[in-house]
Structure formats: C-alpha cells, structure tokens
>>> print(open('my_file.cif').read())   # mmCIF, C-alpha atoms and all ligand atoms
data_protein
#
loop_
_atom_site.label_atom_id
_atom_site.label_comp_id
_atom_site.auth_asym_id
_atom_site.auth_seq_id
_atom_site.Cartn_x
_atom_site.Cartn_y
_atom_site.Cartn_z
CA LEU A 1 67.70 53.17 127.92
CA LEU A 2 66.92 49.49 127.78
CA GLN A 3 70.64 48.85 127.27
CA ASP A 4 71.40 50.92 130.41
CA ALA A 5 68.87 49.03 132.47
CA ILE A 6 70.27 45.68 131.32
CA CYS A 7 73.80 46.79 132.11
CA THR A 8 72.79 47.94 135.58
CA GLU A 9 71.18 44.58 136.27
CA ARG A 10 74.28 42.73 135.03
CA ILE A 11 76.49 44.77 137.38
CA ILE A 12 74.20 44.23 140.36
CA ALA A 13 73.99 40.48 139.69
CA ALA A 14 77.76 40.08 139.26
CA LYS A 15 78.45 42.10 142.40
CA LYS A 16 76.06 39.90 144.35
CA THR A 17 77.79 36.72 143.19
CA LEU A 18 81.26 38.10 143.93
CA GLY A 19 80.26 39.34 147.38
CA LYS A 20 83.21 40.48 149.49
CA ARG A 21 85.73 39.08 146.99
CA ALA A 22 85.50 42.25 144.90
CA VAL A 23 85.40 45.87 145.96
CA ILE A 24 84.57 48.72 143.58
CA LEU A 25 86.45 51.96 144.26
CA ALA A 26 85.38 55.12 142.44
CA HIS A 27 86.89 58.59 142.25
CA HIS A 28 84.54 61.57 142.72
CA TYR A 29 84.84 62.44 139.01
CA GLN A 30 83.41 59.14 137.92
CA ARG A 31 80.23 59.33 135.87
CA ALA A 32 76.96 58.82 137.73
CA ASP A 33 76.02 55.53 136.05
CA VAL A 34 79.26 53.97 137.34
CA TYR A 35 79.62 55.88 140.63
CA ARG A 36 76.32 54.50 141.91
CA HIS A 37 77.81 50.98 141.97
CA ALA A 38 80.85 51.95 144.06
CA ASP A 39 81.52 50.43 147.49
CA LEU A 40 84.17 53.02 148.31
CA THR A 41 84.46 56.59 147.03
CA GLY A 42 86.87 59.43 147.69
CA ASP A 43 89.53 61.78 146.48
CA SER A 44 92.95 60.42 145.55
CA LEU A 45 94.28 60.45 149.12
CA LYS A 46 91.25 58.81 150.68
CA LEU A 47 91.17 56.15 147.95
CA SER A 48 94.86 55.40 148.57
CA PHE A 49 94.19 54.80 152.27
CA LEU A 50 91.13 52.69 151.41
CA ALA A 51 93.03 50.60 148.85
CA ALA A 52 95.71 49.91 151.47
CA GLN A 53 93.09 48.77 153.99
CA THR A 54 90.67 46.60 152.02
CA ASP A 55 91.11 42.84 152.13
CA ALA A 56 89.06 42.04 149.00
CA ASP A 57 90.71 39.79 146.39
CA TYR A 58 89.86 42.16 143.53
CA LEU A 59 90.10 45.96 143.63
CA VAL A 60 88.06 47.17 140.67
CA PHE A 61 89.18 50.77 140.21
CA CYS A 62 86.77 53.14 138.52
CA GLY A 63 89.17 56.00 138.09
CA VAL A 64 92.25 56.48 135.92
CA HIS A 65 95.37 54.40 135.33
CA PHE A 66 97.63 55.94 138.02
CA MET A 67 94.94 55.32 140.66
CA ALA A 68 94.78 51.61 139.82
CA GLU A 69 98.60 51.50 139.96
CA VAL A 70 98.55 53.03 143.44
CA ALA A 71 95.95 50.45 144.50
CA ASP A 72 98.21 47.67 143.20
CA ILE A 73 101.26 49.08 145.01
CA LEU A 74 99.53 49.62 148.34
CA SER A 75 97.46 46.43 148.45
CA GLY A 76 98.76 43.00 149.43
CA PRO A 77 100.73 40.75 147.03
CA GLU A 78 97.76 38.42 146.48
CA GLN A 79 95.27 41.20 145.77
CA ILE A 80 94.54 42.17 142.20
CA SER A 81 93.98 45.70 140.94
CA ILE A 82 91.81 46.12 137.86
CA LEU A 83 91.04 49.08 135.60
CA PRO A 84 87.83 48.28 133.68
CA ASP A 85 89.05 50.20 130.58
CA LEU A 86 92.81 50.31 130.03
CA SER A 87 92.53 53.51 128.01
CA ALA A 88 91.36 55.49 131.06
CA GLY A 89 94.53 57.55 131.53
CA CYS A 90 95.27 61.00 132.93
CA SER A 91 96.56 63.53 130.40
CA MET A 92 98.37 65.43 133.13
CA ALA A 93 100.19 62.31 134.31
CA ASP A 94 101.35 61.80 130.72
CA MET A 95 103.06 65.21 130.74
CA ALA A 96 105.96 63.84 132.79
CA ASP A 97 107.88 60.69 131.95
CA LEU A 98 110.88 59.03 133.49
CA GLY A 99 113.25 59.97 130.65
CA LYS A 100 112.46 63.66 130.97
CA VAL A 101 112.62 63.65 134.76
CA GLU A 102 115.96 61.83 134.73
CA ARG A 103 117.26 64.36 132.22
CA ALA A 104 116.12 67.22 134.47
CA TRP A 105 117.87 65.55 137.42
CA ARG A 106 121.10 65.17 135.41
CA GLU A 107 120.93 68.77 134.23
CA LEU A 108 120.34 70.00 137.77
CA GLY A 109 123.54 68.14 138.64
CA GLU A 110 125.45 70.67 136.52
CA ALA A 111 124.34 73.50 138.80
CA LEU A 112 124.13 71.74 142.20
CA ASP A 113 124.10 68.33 143.89
CA PRO A 114 120.44 67.32 143.48
CA ASP A 115 120.59 64.30 145.80
CA GLU A 116 121.77 66.59 148.59
CA MET A 117 119.79 69.69 147.75
CA VAL A 118 116.58 68.80 145.89
CA THR A 119 113.62 66.69 147.00
CA PRO A 120 111.70 65.24 144.07
CA VAL A 121 107.98 65.51 144.81
CA THR A 122 105.52 63.88 142.48
CA TYR A 123 101.82 64.57 142.47
CA ILE A 124 99.99 61.26 142.76
CA ASN A 125 98.76 61.95 139.20
CA SER A 126 101.88 60.35 137.72
CA SER A 127 103.06 56.96 136.56
CA ALA A 128 104.46 54.42 139.01
CA ASN A 129 108.01 54.77 137.65
CA LEU A 130 108.04 58.44 138.66
CA LYS A 131 106.89 57.52 142.15
CA ALA A 132 109.72 54.98 142.15
CA PHE A 133 112.14 57.73 141.08
CA CYS A 134 111.03 59.74 144.11
CA GLY A 135 111.37 56.70 146.37
CA GLU A 136 114.94 56.18 145.15
CA HIS A 137 116.02 59.82 145.50
CA GLY A 138 114.65 60.56 148.98
CA GLY A 139 111.46 62.06 147.57
CA ILE A 140 107.79 61.69 148.22
CA VAL A 141 104.31 61.66 146.65
CA CYS A 142 101.61 64.26 147.35
CA THR A 143 97.95 64.67 146.54
CA SER A 144 95.88 67.81 146.21
CA SER A 145 94.79 67.50 149.84
CA ASN A 146 98.22 67.26 151.46
CA ALA A 147 100.57 69.15 149.10
CA VAL A 148 101.38 71.96 151.59
CA LYS A 149 102.22 69.45 154.33
CA ILE A 150 104.37 67.46 151.92
CA LEU A 151 106.27 70.57 150.83
CA GLN A 152 106.90 71.44 154.48
CA TRP A 153 108.24 67.92 155.04
CA SER A 154 110.46 68.31 151.97
CA PHE A 155 111.88 71.68 152.98
CA GLY A 156 112.66 70.25 156.41
CA ARG A 157 115.17 67.98 154.66
CA ARG A 158 116.56 69.73 151.59
CA GLU A 159 116.47 73.31 150.40
CA LYS A 160 114.76 72.86 147.02
CA VAL A 161 111.94 70.84 145.47
CA LEU A 162 111.47 69.55 141.94
CA PHE A 163 107.69 69.29 141.68
CA PHE A 164 106.00 67.33 138.89
CA PRO A 165 103.83 67.12 136.86
CA ASP A 166 101.31 69.82 137.88
CA GLN A 167 102.77 73.33 137.99
CA HIS A 168 99.49 74.79 139.31
CA LEU A 169 99.24 72.58 142.38
CA GLY A 170 102.93 73.21 143.08
CA ARG A 171 102.64 76.97 142.70
CA TRP A 172 99.47 77.30 144.78
CA SER A 173 100.89 75.10 147.56
CA GLY A 174 104.20 77.03 147.56
CA HIS A 175 102.23 80.28 147.79
CA LYS A 176 100.21 78.90 150.72
CA MET A 177 103.51 78.17 152.47
CA GLY A 178 104.55 81.79 152.01
CA LEU A 179 106.97 81.43 149.08
CA LEU A 180 107.32 84.36 146.68
CA MET A 181 106.56 84.03 142.98
CA GLU A 182 110.24 84.55 142.10
CA GLU A 183 111.11 81.56 144.29
CA MET A 184 109.04 79.30 142.03
CA CYS A 185 110.30 78.77 138.46
CA VAL A 186 108.77 76.72 135.68
CA TRP A 187 111.03 73.93 134.47
CA ASP A 188 110.37 73.72 130.74
CA PHE A 189 111.37 70.14 129.97
CA ASP A 190 111.52 70.89 126.22
CA GLN A 191 114.52 73.17 126.74
CA PRO A 192 118.04 72.48 127.97
CA MET A 193 118.33 73.22 131.71
CA GLY A 194 114.56 73.72 131.80
CA GLY A 195 115.03 77.05 130.02
CA LEU A 196 116.41 78.53 133.27
CA THR A 197 119.62 80.42 133.96
CA PRO A 198 122.04 79.14 136.65
CA GLU A 199 121.06 82.22 138.68
CA GLN A 200 117.34 81.32 138.51
CA ILE A 201 118.08 77.75 139.54
CA LYS A 202 120.22 78.96 142.42
CA ASN A 203 117.45 81.23 143.73
CA ALA A 204 114.50 78.88 143.14
CA ARG A 205 112.92 77.00 146.04
CA ILE A 206 110.47 75.07 143.84
CA LEU A 207 111.13 74.03 140.25
CA LEU A 208 107.69 73.52 138.76
CA TRP A 209 107.30 71.01 135.96
CA LYS A 210 105.53 72.49 132.94
CA GLY A 211 102.42 70.29 133.26
CA HIS A 212 98.75 70.99 133.81
CA CYS A 213 95.29 69.43 133.78
CA SER A 214 93.43 70.01 130.54
CA VAL A 215 90.09 69.99 132.40
CA HIS A 216 91.00 72.51 135.11
CA GLN A 217 92.79 74.88 132.76
CA MET A 218 89.40 75.69 131.23
CA PHE A 219 88.30 77.66 134.31
CA GLN A 220 89.09 81.37 134.00
CA PRO A 221 89.11 84.35 136.39
CA GLN A 222 86.46 86.08 134.26
CA HIS A 223 84.02 83.24 135.09
CA ILE A 224 84.44 84.17 138.75
CA LEU A 225 84.15 87.89 138.07
CA ARG A 226 80.89 87.42 136.19
CA PHE A 227 79.46 85.31 139.05
CA ARG A 228 80.51 87.82 141.70
CA ASN A 229 78.91 90.68 139.78
CA GLN A 230 75.69 88.77 139.51
CA TYR A 231 75.69 87.25 143.02
CA PRO A 232 77.74 89.41 145.42
CA ASP A 233 76.97 87.03 148.32
CA GLY A 234 77.89 83.93 146.34
CA LEU A 235 80.86 81.77 147.31
CA VAL A 236 83.56 80.40 145.03
CA ILE A 237 85.43 77.12 145.54
CA SER A 238 88.09 75.65 143.25
CA HIS A 239 90.42 72.69 142.91
CA PRO A 240 94.14 73.55 143.21
CA GLU A 241 94.76 72.22 139.67
CA CYS A 242 93.15 75.48 138.49
CA SER A 243 95.47 78.35 137.55
CA PHE A 244 96.95 80.59 140.22
CA GLU A 245 94.64 83.42 139.06
CA VAL A 246 91.53 81.25 139.52
CA CYS A 247 92.69 79.96 142.93
CA SER A 248 93.52 83.49 144.08
CA ALA A 249 90.08 84.75 143.07
CA SER A 250 88.31 81.88 144.93
CA ASP A 251 87.08 81.91 148.53
CA TYR A 252 88.13 78.32 149.11
CA VAL A 253 90.64 76.02 147.37
CA GLY A 254 91.01 72.30 147.98
CA SER A 255 90.73 68.71 146.85
CA THR A 256 87.52 67.10 145.65
CA GLU A 257 86.82 65.70 149.13
CA TYR A 258 87.42 69.16 150.62
CA ILE A 259 85.05 70.74 148.08
CA ILE A 260 82.27 68.30 148.94
CA ASN A 261 82.73 68.66 152.70
CA THR A 262 82.97 72.46 152.61
CA ILE A 263 79.71 72.81 150.69
CA ARG A 264 78.01 70.13 152.81
CA ASP A 265 78.95 72.04 156.00
CA ALA A 266 77.90 75.45 154.62
CA LYS A 267 74.74 77.25 155.65
CA PRO A 268 71.52 76.20 153.90
CA GLY A 269 70.56 78.58 151.13
CA THR A 270 74.12 79.48 150.10
CA ARG A 271 75.04 79.81 146.43
CA TRP A 272 78.28 78.30 145.12
CA LEU A 273 80.40 78.53 142.00
CA VAL A 274 82.53 75.40 141.73
CA GLY A 275 85.72 75.03 139.67
CA THR A 276 86.23 71.33 139.23
CA GLU A 277 85.11 68.45 137.03
CA LEU A 278 81.52 68.39 135.80
CA ASN A 279 80.39 64.96 137.06
CA LEU A 280 81.28 65.88 140.63
CA VAL A 281 79.64 69.31 140.41
CA GLY A 282 76.46 67.85 138.89
CA ARG A 283 76.26 65.22 141.64
CA ILE A 284 76.62 67.65 144.55
CA ALA A 285 74.26 70.16 142.92
CA GLU A 286 71.59 67.45 142.99
CA GLU A 287 72.50 66.17 146.46
CA PHE A 288 72.58 69.53 148.24
CA LYS A 289 69.51 70.97 146.51
CA ALA A 290 67.41 69.58 149.36
CA ASN A 291 68.73 72.16 151.85
CA GLY A 292 68.42 75.02 149.44
CA LYS A 293 72.04 75.22 148.29
CA ILE A 294 72.49 76.41 144.74
CA ILE A 295 75.55 75.01 143.02
CA GLN A 296 76.80 76.30 139.68
CA PHE A 297 79.53 74.99 137.44
CA MET A 298 82.32 77.51 136.85
CA SER A 299 82.71 77.29 133.09
CA PRO A 300 80.16 77.76 130.29
CA MET A 301 82.06 74.92 128.53
CA VAL A 302 81.68 71.23 129.31
CA CYS A 303 84.78 70.40 131.40
CA MET A 304 84.81 66.68 131.93
CA CYS A 305 87.56 64.22 132.63
CA SER A 306 86.82 62.44 129.38
CA THR A 307 89.41 59.73 129.99
CA MET A 308 87.94 58.78 133.35
CA ALA A 309 84.53 58.71 131.67
CA ARG A 310 85.79 55.82 129.51
CA ILE A 311 85.02 53.61 132.48
CA ASP A 312 81.39 53.06 131.56
CA PRO A 313 78.76 50.59 132.79
CA GLN A 314 79.50 48.25 129.86
CA HIS A 315 83.17 47.92 130.83
CA LEU A 316 82.28 47.54 134.49
CA ALA A 317 79.73 44.81 133.76
CA TRP A 318 82.20 42.97 131.48
CA THR A 319 84.96 43.17 134.13
CA LEU A 320 82.78 41.87 136.95
CA GLU A 321 81.27 39.08 134.88
CA ASN A 322 84.75 37.89 133.96
CA LEU A 323 85.67 37.83 137.65
CA VAL A 324 82.58 35.74 138.35
CA GLN A 325 84.02 33.26 135.81
CA ARG A 326 87.40 33.56 137.64
CA GLN A 327 88.92 35.26 134.63
CA ILE A 328 91.01 38.31 135.36
CA VAL A 329 90.86 41.07 132.77
CA ASN A 330 92.65 44.43 132.64
CA GLN A 331 94.88 43.77 135.62
CA ILE A 332 97.22 46.62 136.53
CA LYS A 333 100.48 45.17 137.77
CA VAL A 334 103.46 47.36 138.57
CA PRO A 335 106.83 45.58 138.14
CA LYS A 336 108.30 44.43 141.47
CA ARG A 337 111.35 46.70 141.85
CA GLU A 338 109.41 49.74 140.67
CA ALA A 339 106.53 48.92 143.03
CA LYS A 340 108.91 48.60 145.99
CA LEU A 341 110.45 52.04 145.43
CA ALA A 342 107.12 53.67 144.58
CA LYS A 343 105.68 52.21 147.79
CA LEU A 344 108.46 53.86 149.75
CA ALA A 345 107.49 57.28 148.35
CA LEU A 346 103.77 56.61 148.87
CA GLU A 347 104.27 55.39 152.44
CA ARG A 348 106.28 58.50 153.25
CA MET A 349 103.25 60.47 152.10
CA LEU A 350 100.76 58.37 154.06
CA ASP A 351 102.89 58.78 157.21
CA VAL A 352 103.09 62.55 156.80
CA SER A 353 99.32 62.72 156.11
CA LYS A 354 98.09 60.74 159.17
P1 LIG B 401 91.76 64.83 144.09
O1 LIG B 401 93.05 64.80 144.86
O2 LIG B 401 90.87 65.92 144.57
O3 LIG B 401 91.13 63.50 144.09
O4 LIG B 401 92.06 65.21 142.60
C1 LIG B 401 92.54 64.28 141.70
C2 LIG B 401 92.45 64.72 140.33
O5 LIG B 401 92.85 64.06 139.42
C3 LIG B 401 91.90 66.04 140.09
O6 LIG B 401 91.95 66.30 138.75
FE1 LIG B 402 93.95 63.85 135.18
FE2 LIG B 402 92.74 66.21 134.92
FE3 LIG B 402 91.34 63.93 134.72
FE4 LIG B 402 92.30 64.75 137.08
S1 LIG B 402 90.74 65.76 135.83
S2 LIG B 402 92.37 62.68 136.27
S3 LIG B 402 94.26 65.65 136.45
S4 LIG B 402 92.98 64.65 133.32
#
>>> encode(input="my_file.cif", output="structure tokens", more="lines below")
Ligand code: 13P
Ligand code: SF4
Amino acid sequence: LLQDAICTERIIAAKKTLGKRAVILAHHYQRADVYRHADLTGDSLKLSFLAAQTDADYLVFCGVHFMAEVADILSGPEQISILPDLSAGCSMADMADLGKVERAWRELGEALDPDEMVTPVTYINSSANLKAFCGEHGGIVCTSSNAVKILQWSFGRREKVLFFPDQHLGRWSGHKMGLLMEEMCVWDFDQPMGGLTPEQIKNARILLWKGHCSVHQMFQPQHILRFRNQYPDGLVISHPECSFEVCSASDYVGSTEYIINTIRDAKPGTRWLVGTELNLVGRIAEEFKANGKIIQFMSPMVCMCSTMARIDPQHLAWTLENLVQRQIVNQIKVPKREAKLAKLALERMLDVSK
C-alpha cells in the first residue's frame, strides 16, 4: 500500500513537471490505478481521433501495442508515442500476421481476382503492417463501433470482404447488415485455401479470419440464461467480440464506449449483465451505483485483459520520470513506408466514421 501511494505521488509529480508536453491516453480496459491518471480516455475509435488531434510532444499510451502504433501513425512526425510496458500486446492481434494474410491473398487469387473483388478489412486490433496491407490493396480499418458502416463502405466498392483478425466482430457485423450465415465463411489460415472449397469461396460475401479474443470468448449463452431466469426484467449488454450466440442473446451489443453510454442513459434502478472486460465493468458498477443501477459481470470467471494490465503504476511512473529527464523510453515507431500505407487505411476509416 505504501508502495502504491509512493507510485501515485511520483506519477502526479512527473505529470506536473511535464505539463502539456505529455498526454496520457487510456483505454477503458485499463486498470483503475492507471486509468485515474489519464488525461484522455475512450474506446479504440475515440482514442484514434484523440491521438490525431492532440498537440502534446509525448503520447503516453496506456493500452496495448496496436493502440500505441495507431497513435504514432496518426500523430505528427515530431510527436512521440510511448507504451509504458512493451510487453502489453493483444493476443487477438497476434492471431493474424502479414505472412499468413499475404498467403490468403495469393490463394484467393487462384479462385478470383482479389484486388478487383475483395476488400481487405482489418479490425484496428492488428499490427501496423496489416493496416498497411489494407492501405495498399484498397482496404480499410474498422473498430468495434463502426464495423457495420465500414462493411457497407466495402461492399459499395467490391463484392467480397476478407475480414481479420476477429471472426466474431466480422460475423456479428455481417449479420447486422442482413447477410446470411452461409454468406460468411471462416478462413482457417492453417489450411490450404483456408479449408474452403472453390464453391464456398465463390458464394461467400465475408471471409472471416479464424481469430478471436481470449477474454471475450469466456462469456457464454448460459451465463445470460441464468441471469434472465433470476432477473426477468434485467438487461444484457455485450461487446461484439463475444460469440454470435452471446451477442444474439443480448439486448444490446456495442463497443466499450457504447456500453458505458447505454448504461449511463438507462433508467435509474435498472439491472445489467455486462459481457466485456472486468476492469471496465467494475468501474461502471461503482460509478453508476449512485443512481441505483446494479451492474453485474457476465462470467463467474475473472475475464481480464491481462496484457493491458501489464501497464501498471510502476511502469507509468518510470516512463514519465524518464521524460522529465528528457529520456525517451519504450517509443513505438512504425517504419515510414508502412506508416504511410497504414495511415491511408486508417484515414479511410476516420472519413467514413465522421
Ligand atoms: P473497443 O473498440 O470497444 O475499444 O474495443 C477494443 C478492444 O480491444 C476490445 O477487446
Ligand atoms: Fe486484445 Fe482481447 Fe485485450 Fe481487447 S480484450 S485488447 S481484443 S486481448
């Protein structure tokens, strides 16, 4: 406890010395002892807009690696993006890599002309080189709050989409657009031609990469069933990284920002079951208690984004104190050509999302 108090004081003191030179951005999943120091908070889309707008010299990103990459790509050339712990990655982002995506693209070329017929769409939870791949091949980035809009944009241009890395977000968004299940096929990157027949590829509208979030896959339809039996008037809200079955059984589905806003705007006294990361659910349960809202976590298990939680107060204090000494640590710098192409795909998304 004494250690925590000392760390908090170190962060506050360093922030004060740095003033407007440094801005701390934090994703909603960030642990409470780090989140409280943030200047800017949001879901992935909001944080992308904020990173593009800030004029601070240092963008200290309390999130995961791909978020700090996006901040580097969208900020000015003199601005510096920093991830306080370099091991804060996203296991879903790691499920797609450039080699595998290029192989899928080549294999698709045996059945059709992908550059004419397929838009590559990458969820923002992906490495910068995959965003660059999308930039180069007429594709685009999406987040959990704009995926339907982005798919509509994509289908306005080409007839099919290769969606990576999250199959669940892709499937749910395709369903929201009115696509049938048989129009969405999983591309199993461990098998030749994604394990699909030429017929399946011909009929598919969305090819869904076989990736998922290890946190959101823990939520199950039976958790919702149990809640509904116990509280028939209760409301269920989930993140679209949950399985199709969980999303279908929920009353509301949306990004972290959407989840917070929906519960904030709900009637006082309502009871909620929430299917997303534990730090966020714990924070809003506390915050909305005042107007009588009861907020429950969906799973009996602890579902935390353990990699994001690696950004702890110690790493944040160390990072800021180095900046005070004008020493840059843990900079995230995307190579120039890659950044240029990734920016193209990100800016297409930001334009469509305005
Ligand atoms: P949001 O788009 O809601 O920020 O979600 C990002 C994420 O990583 C969820 O797991
Ligand atoms: Fe990645 Fe899942 Fe963590 Fe989101 S919750 S950052 S998708 S591992």
>>> closest_atom_pairs(input="my_file.cif", of="chain A", to="ligand LIG 402 (chain B)", cutoff="7 Å", atoms="all atoms listed in the file", output="JSON lines")
{"residue": "A:Val64", "atom": "CA", "partner": "B:LIG402", "partner_atom": "S2", "distance": 6.2}
{"residue": "A:Cys90", "atom": "CA", "partner": "B:LIG402", "partner_atom": "FE1", "distance": 3.9}
{"residue": "A:Ser91", "atom": "CA", "partner": "B:LIG402", "partner_atom": "S4", "distance": 4.8}
{"residue": "A:Met92", "atom": "CA", "partner": "B:LIG402", "partner_atom": "FE1", "distance": 5.1}
{"residue": "A:Ala93", "atom": "CA", "partner": "B:LIG402", "partner_atom": "FE1", "distance": 6.5}
{"residue": "A:Asn125", "atom": "CA", "partner": "B:LIG402", "partner_atom": "S3", "distance": 6.4}
{"residue": "A:Cys213", "atom": "CA", "partner": "B:LIG402", "partner_atom": "FE2", "distance": 4.3}
{"residue": "A:Ser214", "atom": "CA", "partner": "B:LIG402", "partner_atom": "FE2", "distance": 5.8}
{"residue": "A:Val215", "atom": "CA", "partner": "B:LIG402", "partner_atom": "FE2", "distance": 5.3}
{"residue": "A:His216", "atom": "CA", "partner": "B:LIG402", "partner_atom": "FE2", "distance": 6.5}
{"residue": "A:Glu277", "atom": "CA", "partner": "B:LIG402", "partner_atom": "S1", "distance": 6.4}
{"residue": "A:Cys305", "atom": "CA", "partner": "B:LIG402", "partner_atom": "FE3", "distance": 4.3}
{"residue": "A:Thr307", "atom": "CA", "partner": "B:LIG402", "partner_atom": "FE3", "distance": 6.6}
{"residue": "A:Met308", "atom": "CA", "partner": "B:LIG402", "partner_atom": "FE3", "distance": 6.3}
>>> write_last_selection(input="my_file.cif", atoms="C-alpha atoms", output="tab-separated table (two decimals), in the coordinates of the input")
chain	number	residue	atom	x	y	z
A	64	VAL	CA	92.25	56.48	135.92
A	90	CYS	CA	95.27	61.00	132.93
A	91	SER	CA	96.56	63.53	130.40
A	92	MET	CA	98.37	65.43	133.13
A	93	ALA	CA	100.19	62.31	134.31
A	125	ASN	CA	98.76	61.95	139.20
A	213	CYS	CA	95.29	69.43	133.78
A	214	SER	CA	93.43	70.01	130.54
A	215	VAL	CA	90.09	69.99	132.40
A	216	HIS	CA	91.00	72.51	135.11
A	277	GLU	CA	85.11	68.45	137.03
A	305	CYS	CA	87.56	64.22	132.63
A	307	THR	CA	89.41	59.73	129.99
A	308	MET	CA	87.94	58.78	133.35
>>> residues_around(input="my_file.cif", residues="Val253 (chain A)", least_positions_apart="5", cutoff="12 Å", atoms="only C-alpha atoms", output="list in words")
Ser144, Ser145, Leu169, Trp172, Ser173, Lys176, Leu235, Val236, Ile237, Ser238, His239, Pro240, Glu241, Cys242, Ser243, Phe244, Glu245, Val246, Cys247, Ser248, Tyr258, Ile259, Ile260, Thr262, Ile263, Leu273, Val274, Gly275 and Thr276 of chain A
>>> write_last_selection(input="my_file.cif", atoms="C-alpha atoms", output="PDB file, in the frame of the given file")
ATOM      1  CA  SER A 144      95.880  67.810 146.210  1.00  0.00           C
ATOM      2  CA  SER A 145      94.790  67.500 149.840  1.00  0.00           C
ATOM      3  CA  LEU A 169      99.240  72.580 142.380  1.00  0.00           C
ATOM      4  CA  TRP A 172      99.470  77.300 144.780  1.00  0.00           C
ATOM      5  CA  SER A 173     100.890  75.100 147.560  1.00  0.00           C
ATOM      6  CA  LYS A 176     100.210  78.900 150.720  1.00  0.00           C
ATOM      7  CA  LEU A 235      80.860  81.770 147.310  1.00  0.00           C
ATOM      8  CA  VAL A 236      83.560  80.400 145.030  1.00  0.00           C
ATOM      9  CA  ILE A 237      85.430  77.120 145.540  1.00  0.00           C
ATOM     10  CA  SER A 238      88.090  75.650 143.250  1.00  0.00           C
ATOM     11  CA  HIS A 239      90.420  72.690 142.910  1.00  0.00           C
ATOM     12  CA  PRO A 240      94.140  73.550 143.210  1.00  0.00           C
ATOM     13  CA  GLU A 241      94.760  72.220 139.670  1.00  0.00           C
ATOM     14  CA  CYS A 242      93.150  75.480 138.490  1.00  0.00           C
ATOM     15  CA  SER A 243      95.470  78.350 137.550  1.00  0.00           C
ATOM     16  CA  PHE A 244      96.950  80.590 140.220  1.00  0.00           C
ATOM     17  CA  GLU A 245      94.640  83.420 139.060  1.00  0.00           C
ATOM     18  CA  VAL A 246      91.530  81.250 139.520  1.00  0.00           C
ATOM     19  CA  CYS A 247      92.690  79.960 142.930  1.00  0.00           C
ATOM     20  CA  SER A 248      93.520  83.490 144.080  1.00  0.00           C
ATOM     21  CA  TYR A 258      87.420  69.160 150.620  1.00  0.00           C
ATOM     22  CA  ILE A 259      85.050  70.740 148.080  1.00  0.00           C
ATOM     23  CA  ILE A 260      82.270  68.300 148.940  1.00  0.00           C
ATOM     24  CA  THR A 262      82.970  72.460 152.610  1.00  0.00           C
ATOM     25  CA  ILE A 263      79.710  72.810 150.690  1.00  0.00           C
ATOM     26  CA  LEU A 273      80.400  78.530 142.000  1.00  0.00           C
ATOM     27  CA  VAL A 274      82.530  75.400 141.730  1.00  0.00           C
ATOM     28  CA  GLY A 275      85.720  75.030 139.670  1.00  0.00           C
ATOM     29  CA  THR A 276      86.230  71.330 139.230  1.00  0.00           C
TER      30      THR A 276
END
>>> residues_around(input="my_file.cif", residues="Val161 (chain A)", least_positions_apart="6", cutoff="6 Å", atoms="all atoms listed in the file", output="PyMOL selection string")
chain A and resi 118-120+206
>>> axis_aligned_box(input="my_file.cif", around="ligand LIG 401 (chain B)", padding_each_side="8 Å", output="AutoDock Vina command-line options")
--center_x 92.0 --center_y 64.9 --center_z 141.8 --size_x 18.2 --size_y 18.8 --size_z 22.1
>>> atom_distance(input="my_file.cif", atom1="CA of Phe227 (chain A)", atom2="CA of Ser250 (chain A)")
11.2 Å
>>> atom_distance(input="my_file.cif", atom1="CA of Ile12 (chain A)", atom2="CA of Met67 (chain A)")
23.5 Å
>>> residues_near_ligand(input="my_file.cif", ligand="ligand LIG 401 (chain B)", cutoff="6 Å", atoms="all atoms listed in the file", output="compact mmCIF listing (two decimals) with C-alpha atoms, in the frame of the given file")
# COMPACT_ATOMS: atom_id res chain seq x y z
CA ASP A 43 89.53 61.78 146.48
CA SER A 44 92.95 60.42 145.55
CA THR A 143 97.95 64.67 146.54
CA SER A 144 95.88 67.81 146.21
CA SER A 145 94.79 67.50 149.84
CA SER A 255 90.73 68.71 146.85
CA THR A 256 87.52 67.10 145.65
>>> residues_around(input="my_file.cif", residues="Gly211 (chain A)", least_positions_apart="4", cutoff="6 Å", atoms="all atoms listed in the file", output="PyMOL selection string")
chain A and resi 95+165-167
>>> residues_around(input="my_file.cif", residues="Ser353 (chain A)", least_positions_apart="5", cutoff="10 Å", atoms="all atoms listed in the file", output="compact mmCIF listing (two decimals) with C-alpha atoms, in the coordinates of the input")
# COMPACT_ATOMS: atom_id res chain seq x y z
CA LEU A 45 94.28 60.45 149.12
CA CYS A 142 101.61 64.26 147.35
CA THR A 143 97.95 64.67 146.54
CA SER A 145 94.79 67.50 149.84
CA ASN A 146 98.22 67.26 151.46
CA ALA A 147 100.57 69.15 149.10
CA LYS A 149 102.22 69.45 154.33
CA ILE A 150 104.37 67.46 151.92
CA GLU A 347 104.27 55.39 152.44
CA ARG A 348 106.28 58.50 153.25
